[in-house]
>>> print(open('entry02.pdb').read())   # PDB, C-alpha atoms
MODEL        1
ATOM      1  CA  SER A 753       0.000   0.000   0.000  1.00  0.00           C
ATOM      2  CA  LEU A 754       1.018   3.589  -0.396  1.00  0.00           C
ATOM      3  CA  GLU A 755       1.777   5.386   2.834  1.00  0.00           C
ATOM      4  CA  SER A 756       2.199   9.123   3.130  1.00  0.00           C
ATOM      5  CA  PHE A 757       4.574  10.810   5.532  1.00  0.00           C
ATOM      6  CA  PRO A 758       4.172  14.383   6.738  1.00  0.00           C
ATOM      7  CA  SER A 759       5.248  17.169   4.470  1.00  0.00           C
ATOM      8  CA  PHE A 760       8.779  18.532   4.955  1.00  0.00           C
ATOM      9  CA  GLY A 761       9.018  22.005   3.531  1.00  0.00           C
ATOM     10  CA  SER A 762       7.282  22.089   0.164  1.00  0.00           C
ATOM     11  CA  ARG A 763       7.373  18.352  -0.506  1.00  0.00           C
ATOM     12  CA  SER A 764       5.497  15.368   0.759  1.00  0.00           C
ATOM     13  CA  VAL A 765       7.000  11.927   0.712  1.00  0.00           C
ATOM     14  CA  ARG A 766       5.302   8.663  -0.253  1.00  0.00           C
ATOM     15  CA  VAL A 767       6.784   5.205   0.182  1.00  0.00           C
ATOM     16  CA  PHE A 768       5.511   1.705  -0.508  1.00  0.00           C
ATOM     17  CA  ARG A 769       5.179  -0.481   2.547  1.00  0.00           C
ATOM     18  CA  TRP A 770       4.283  -4.143   2.490  1.00  0.00           C
ATOM     19  CA  HIS A 771       1.599  -5.033   5.018  1.00  0.00           C
ATOM     20  CA  SER A 772       2.470  -8.122   7.024  1.00  0.00           C
ATOM     21  CA  GLY A 773      -0.550  -7.986   9.283  1.00  0.00           C
ATOM     22  CA  GLN A 774       1.516  -6.231  11.951  1.00  0.00           C
ATOM     23  CA  PRO A 775       1.322  -2.477  12.454  1.00  0.00           C
ATOM     24  CA  GLN A 776       4.386  -0.550  11.375  1.00  0.00           C
ATOM     25  CA  SER A 777       6.710  -0.023  14.330  1.00  0.00           C
ATOM     26  CA  ASN A 778       7.322   3.505  15.576  1.00  0.00           C
ATOM     27  CA  HIS A 779      11.059   2.828  15.221  1.00  0.00           C
ATOM     28  CA  LYS A 780      10.836   2.351  11.459  1.00  0.00           C
ATOM     29  CA  SER A 781       8.538   5.321  11.151  1.00  0.00           C
ATOM     30  CA  LEU A 782      11.041   7.503  13.019  1.00  0.00           C
ATOM     31  CA  VAL A 783      13.887   6.244  10.832  1.00  0.00           C
ATOM     32  CA  ALA A 784      11.841   6.950   7.694  1.00  0.00           C
ATOM     33  CA  ARG A 785      10.989  10.445   8.899  1.00  0.00           C
ATOM     34  CA  LEU A 786      14.674  11.069   9.579  1.00  0.00           C
ATOM     35  CA  VAL A 787      15.801   9.805   6.166  1.00  0.00           C
ATOM     36  CA  PHE A 788      13.129  11.860   4.354  1.00  0.00           C
ATOM     37  CA  SER A 789      13.833  15.031   6.310  1.00  0.00           C
ATOM     38  CA  THR A 790      15.472  18.073   4.785  1.00  0.00           C
ATOM     39  CA  HIS A 791      17.825  18.242   7.774  1.00  0.00           C
ATOM     40  CA  PHE A 792      19.144  14.767   6.909  1.00  0.00           C
ATOM     41  CA  GLU A 793      19.820  15.814   3.307  1.00  0.00           C
ATOM     42  CA  VAL A 794      21.484  19.087   4.313  1.00  0.00           C
ATOM     43  CA  PHE A 795      23.602  17.327   6.953  1.00  0.00           C
ATOM     44  CA  TYR A 796      24.902  14.735   4.501  1.00  0.00           C
ATOM     45  CA  THR A 797      25.481  17.361   1.813  1.00  0.00           C
ATOM     46  CA  CYS A 798      27.708  19.224   4.282  1.00  0.00           C
ATOM     47  CA  ILE A 799      29.481  15.971   5.173  1.00  0.00           C
ATOM     48  CA  ILE A 800      30.153  15.305   1.476  1.00  0.00           C
ATOM     49  CA  LEU A 801      31.600  18.805   1.042  1.00  0.00           C
ATOM     50  CA  LEU A 802      33.787  18.440   4.145  1.00  0.00           C
ATOM     51  CA  ASN A 803      34.970  15.056   2.879  1.00  0.00           C
ATOM     52  CA  CYS A 804      35.918  16.649  -0.457  1.00  0.00           C
ATOM     53  CA  GLY A 805      37.930  19.239   1.450  1.00  0.00           C
ATOM     54  CA  THR A 806      39.841  16.634   3.440  1.00  0.00           C
ATOM     55  CA  MET A 807      40.490  14.614   0.265  1.00  0.00           C
ATOM     56  CA  SER A 808      41.958  17.699  -1.415  1.00  0.00           C
ATOM     57  CA  ILE A 809      44.207  18.339   1.595  1.00  0.00           C
ATOM     58  CA  ASP A 810      45.253  14.674   1.541  1.00  0.00           C
ATOM     59  CA  ALA A 811      46.057  14.895  -2.183  1.00  0.00           C
ATOM     60  CA  HIS A 812      48.107  18.023  -1.549  1.00  0.00           C
ATOM     61  CA  ILE A 813      50.219  16.444   1.210  1.00  0.00           C
ATOM     62  CA  GLN A 814      50.865  13.439  -1.037  1.00  0.00           C
ATOM     63  CA  VAL A 815      52.586  15.817  -3.461  1.00  0.00           C
ATOM     64  CA  VAL A 816      54.148  18.263  -0.996  1.00  0.00           C
ATOM     65  CA  HIS A 817      55.990  16.262   1.624  1.00  0.00           C
ATOM     66  CA  ASN A 818      56.691  19.274   3.841  1.00  0.00           C
ATOM     67  CA  HIS A 819      53.652  19.257   6.156  1.00  0.00           C
ATOM     68  CA  PRO A 820      53.046  19.098   9.900  1.00  0.00           C
ATOM     69  CA  ALA A 821      53.043  15.561  11.323  1.00  0.00           C
ATOM     70  CA  PHE A 822      49.701  16.035  13.059  1.00  0.00           C
ATOM     71  CA  LEU A 823      48.021  16.634   9.685  1.00  0.00           C
ATOM     72  CA  THR A 824      48.475  13.023   8.585  1.00  0.00           C
ATOM     73  CA  ARG A 825      46.959  11.780  11.847  1.00  0.00           C
ATOM     74  CA  ALA A 826      44.076  14.276  11.651  1.00  0.00           C
ATOM     75  CA  LEU A 827      43.268  13.193   8.099  1.00  0.00           C
ATOM     76  CA  LEU A 828      43.277   9.540   9.146  1.00  0.00           C
ATOM     77  CA  ILE A 829      40.828  10.314  11.963  1.00  0.00           C
ATOM     78  CA  CYS A 830      38.641  12.298   9.553  1.00  0.00           C
ATOM     79  CA  ASP A 831      38.662   9.353   7.141  1.00  0.00           C
ATOM     80  CA  HIS A 832      37.310   7.056   9.869  1.00  0.00           C
ATOM     81  CA  ILE A 833      34.663   9.592  10.892  1.00  0.00           C
ATOM     82  CA  PHE A 834      33.468  10.106   7.302  1.00  0.00           C
ATOM     83  CA  THR A 835      33.409   6.353   6.688  1.00  0.00           C
ATOM     84  CA  ALA A 836      31.293   5.848   9.799  1.00  0.00           C
ATOM     85  CA  LEU A 837      28.874   8.626   8.833  1.00  0.00           C
ATOM     86  CA  PHE A 838      28.451   7.355   5.272  1.00  0.00           C
ATOM     87  CA  PHE A 839      27.988   3.791   6.513  1.00  0.00           C
ATOM     88  CA  ILE A 840      25.309   4.989   8.953  1.00  0.00           C
ATOM     89  CA  GLU A 841      23.558   6.770   6.075  1.00  0.00           C
ATOM     90  CA  PHE A 842      23.714   3.559   4.027  1.00  0.00           C
ATOM     91  CA  LEU A 843      22.249   1.498   6.891  1.00  0.00           C
ATOM     92  CA  LEU A 844      19.442   3.985   7.575  1.00  0.00           C
ATOM     93  CA  LYS A 845      18.435   4.087   3.902  1.00  0.00           C
ATOM     94  CA  LEU A 846      18.687   0.310   3.719  1.00  0.00           C
ATOM     95  CA  LYS A 847      16.287   0.021   6.660  1.00  0.00           C
ATOM     96  CA  VAL A 848      13.783   2.404   5.086  1.00  0.00           C
ATOM     97  CA  PHE A 849      14.011   1.405   1.405  1.00  0.00           C
ATOM     98  CA  GLY A 850      15.375  -2.140   1.464  1.00  0.00           C
ATOM     99  CA  TRP A 851      17.844  -3.747  -0.932  1.00  0.00           C
ATOM    100  CA  ARG A 852      15.800  -2.914  -4.053  1.00  0.00           C
ATOM    101  CA  PHE A 853      16.687   0.746  -3.532  1.00  0.00           C
ATOM    102  CA  TYR A 854      20.305  -0.130  -4.362  1.00  0.00           C
ATOM    103  CA  TRP A 855      19.672  -2.634  -7.157  1.00  0.00           C
ATOM    104  CA  PRO A 856      20.606  -0.912 -10.469  1.00  0.00           C
ATOM    105  CA  SER A 857      17.378  -1.774 -12.326  1.00  0.00           C
ATOM    106  CA  SER A 858      16.758   1.791 -13.530  1.00  0.00           C
ATOM    107  CA  VAL A 859      18.815   4.861 -14.343  1.00  0.00           C
ATOM    108  CA  ASN A 860      17.980   6.560 -11.028  1.00  0.00           C
ATOM    109  CA  LYS A 861      18.813   3.470  -9.003  1.00  0.00           C
ATOM    110  CA  ARG A 862      22.226   3.199 -10.675  1.00  0.00           C
ATOM    111  CA  TRP A 863      23.300   6.262  -8.696  1.00  0.00           C
ATOM    112  CA  ASN A 864      22.159   4.549  -5.496  1.00  0.00           C
ATOM    113  CA  PHE A 865      24.130   1.451  -6.504  1.00  0.00           C
ATOM    114  CA  LEU A 866      27.215   3.576  -7.216  1.00  0.00           C
ATOM    115  CA  ASP A 867      26.848   5.351  -3.861  1.00  0.00           C
ATOM    116  CA  ALA A 868      26.526   2.056  -1.958  1.00  0.00           C
ATOM    117  CA  SER A 869      29.465   0.575  -3.882  1.00  0.00           C
ATOM    118  CA  LEU A 870      31.675   3.530  -2.976  1.00  0.00           C
ATOM    119  CA  VAL A 871      30.699   3.428   0.692  1.00  0.00           C
ATOM    120  CA  LEU A 872      31.204  -0.321   0.988  1.00  0.00           C
ATOM    121  CA  SER A 873      34.340  -0.707  -1.173  1.00  0.00           C
ATOM    122  CA  THR A 874      36.420   2.456  -0.729  1.00  0.00           C
ATOM    123  CA  GLY A 875      34.974   3.218   2.685  1.00  0.00           C
ATOM    124  CA  VAL A 876      34.272   0.145   4.773  1.00  0.00           C
ATOM    125  CA  LEU A 877      36.506  -2.337   2.927  1.00  0.00           C
ATOM    126  CA  VAL A 878      39.583  -0.147   2.451  1.00  0.00           C
ATOM    127  CA  THR A 879      39.339   1.861   5.684  1.00  0.00           C
ATOM    128  CA  TRP A 880      38.263  -0.797   8.180  1.00  0.00           C
ATOM    129  CA  ILE A 881      38.634  -4.330   6.793  1.00  0.00           C
ATOM    130  CA  VAL A 882      41.828  -4.083   4.711  1.00  0.00           C
ATOM    131  CA  PRO A 883      43.674  -1.051   6.114  1.00  0.00           C
TER     132      PRO A 883
ENDMDL
END
>>> encode(input="entry02.pdb", output="structure tokens")
Amino acid sequence: SLESFPSFGSRSVRVFRWHSGQPQSNHKSLVARLVFSTHFEVFYTCIILLNCGTMSIDAHIQVVHNHPAFLTRALLICDHIFTALFFIEFLLKLKVFGWRFYWPSSVNKRWNFLDASLVLSTGVLVTWIVP
């Protein structure tokens, strides 16, 4: 069935929810409201921009070897923080939308697939599993 969530700003959000005979839990509803909120989008847009800034600083210190020692450590800490934040975003969207949201069956979903691939491969895999 089609379920409508409250309007955020000038938009209202609709999502499909399969009825299993059980009422939807408040937890999932709160997660969905968070994911659909403008604050969530603005927060993650700022995180993406900050991540771009730290990547540019990291690229610069790879070329110019004359940099303060603390900068390398600070960038490593930032990398872990950004990885954690992007992984949390992935998990929240996975909870709300399910796996089909990331399956590249349409042009729009290919971007979701690319986003998940980047988070899981260059983020989680490279940063945490195979450092």
>>> resolve_selection(input="entry02.pdb", expression="the PyMOL selection byres ((chain A and resi 857-874) around 12)", output="PDB file with C-alpha atoms, keeping the file's coordinate frame")
ATOM      1  CA  ILE A 800      30.153  15.305   1.476  1.00  0.00           C
ATOM      2  CA  ASP A 831      38.662   9.353   7.141  1.00  0.00           C
ATOM      3  CA  HIS A 832      37.310   7.056   9.869  1.00  0.00           C
ATOM      4  CA  PHE A 834      33.468  10.106   7.302  1.00  0.00           C
ATOM      5  CA  THR A 835      33.409   6.353   6.688  1.00  0.00           C
ATOM      6  CA  ALA A 836      31.293   5.848   9.799  1.00  0.00           C
ATOM      7  CA  LEU A 837      28.874   8.626   8.833  1.00  0.00           C
ATOM      8  CA  PHE A 838      28.451   7.355   5.272  1.00  0.00           C
ATOM      9  CA  PHE A 839      27.988   3.791   6.513  1.00  0.00           C
ATOM     10  CA  ILE A 840      25.309   4.989   8.953  1.00  0.00           C
ATOM     11  CA  GLU A 841      23.558   6.770   6.075  1.00  0.00           C
ATOM     12  CA  PHE A 842      23.714   3.559   4.027  1.00  0.00           C
ATOM     13  CA  LEU A 843      22.249   1.498   6.891  1.00  0.00           C
ATOM     14  CA  LYS A 845      18.435   4.087   3.902  1.00  0.00           C
ATOM     15  CA  LEU A 846      18.687   0.310   3.719  1.00  0.00           C
ATOM     16  CA  PHE A 849      14.011   1.405   1.405  1.00  0.00           C
ATOM     17  CA  GLY A 850      15.375  -2.140   1.464  1.00  0.00           C
ATOM     18  CA  TRP A 851      17.844  -3.747  -0.932  1.00  0.00           C
ATOM     19  CA  ARG A 852      15.800  -2.914  -4.053  1.00  0.00           C
ATOM     20  CA  PHE A 853      16.687   0.746  -3.532  1.00  0.00           C
ATOM     21  CA  TYR A 854      20.305  -0.130  -4.362  1.00  0.00           C
ATOM     22  CA  TRP A 855      19.672  -2.634  -7.157  1.00  0.00           C
ATOM     23  CA  PRO A 856      20.606  -0.912 -10.469  1.00  0.00           C
ATOM     24  CA  GLY A 875      34.974   3.218   2.685  1.00  0.00           C
ATOM     25  CA  VAL A 876      34.272   0.145   4.773  1.00  0.00           C
ATOM     26  CA  LEU A 877      36.506  -2.337   2.927  1.00  0.00           C
ATOM     27  CA  VAL A 878      39.583  -0.147   2.451  1.00  0.00           C
ATOM     28  CA  THR A 879      39.339   1.861   5.684  1.00  0.00           C
ATOM     29  CA  TRP A 880      38.263  -0.797   8.180  1.00  0.00           C
ATOM     30  CA  ILE A 881      38.634  -4.330   6.793  1.00  0.00           C
ATOM     31  CA  VAL A 882      41.828  -4.083   4.711  1.00  0.00           C
ATOM     32  CA  PRO A 883      43.674  -1.051   6.114  1.00  0.00           C
TER      33      PRO A 883
END
>>> atom_distance(input="entry02.pdb", atom1="atom CA of A:Leu823", atom2="atom CA of A:Asn803")
14.8 Å
>>> residues_around(input="entry02.pdb", residues="A:Gly805", least_positions_apart="6", cutoff="12 Å", atoms="all atoms listed in the file", output="JSON, numbers by chain")
{"A": [798, 799, 811, 812, 827, 830, 831, 834]}
>>> atom_distance(input="entry02.pdb", atom1="atom CA of A:Lys847", atom2="atom CA of A:Val787")
9.8 Å
>>> closest_residue(input="entry02.pdb", among="A:Leu801, A:Thr806, A:Gln814, A:Tyr796", to="A:Ile829", atoms="only C-alpha atoms")
A:Thr806
>>> atom_distance(input="entry02.pdb", atom1="atom CA of A:Ala826", atom2="atom CA of A:Cys804")
14.8 Å
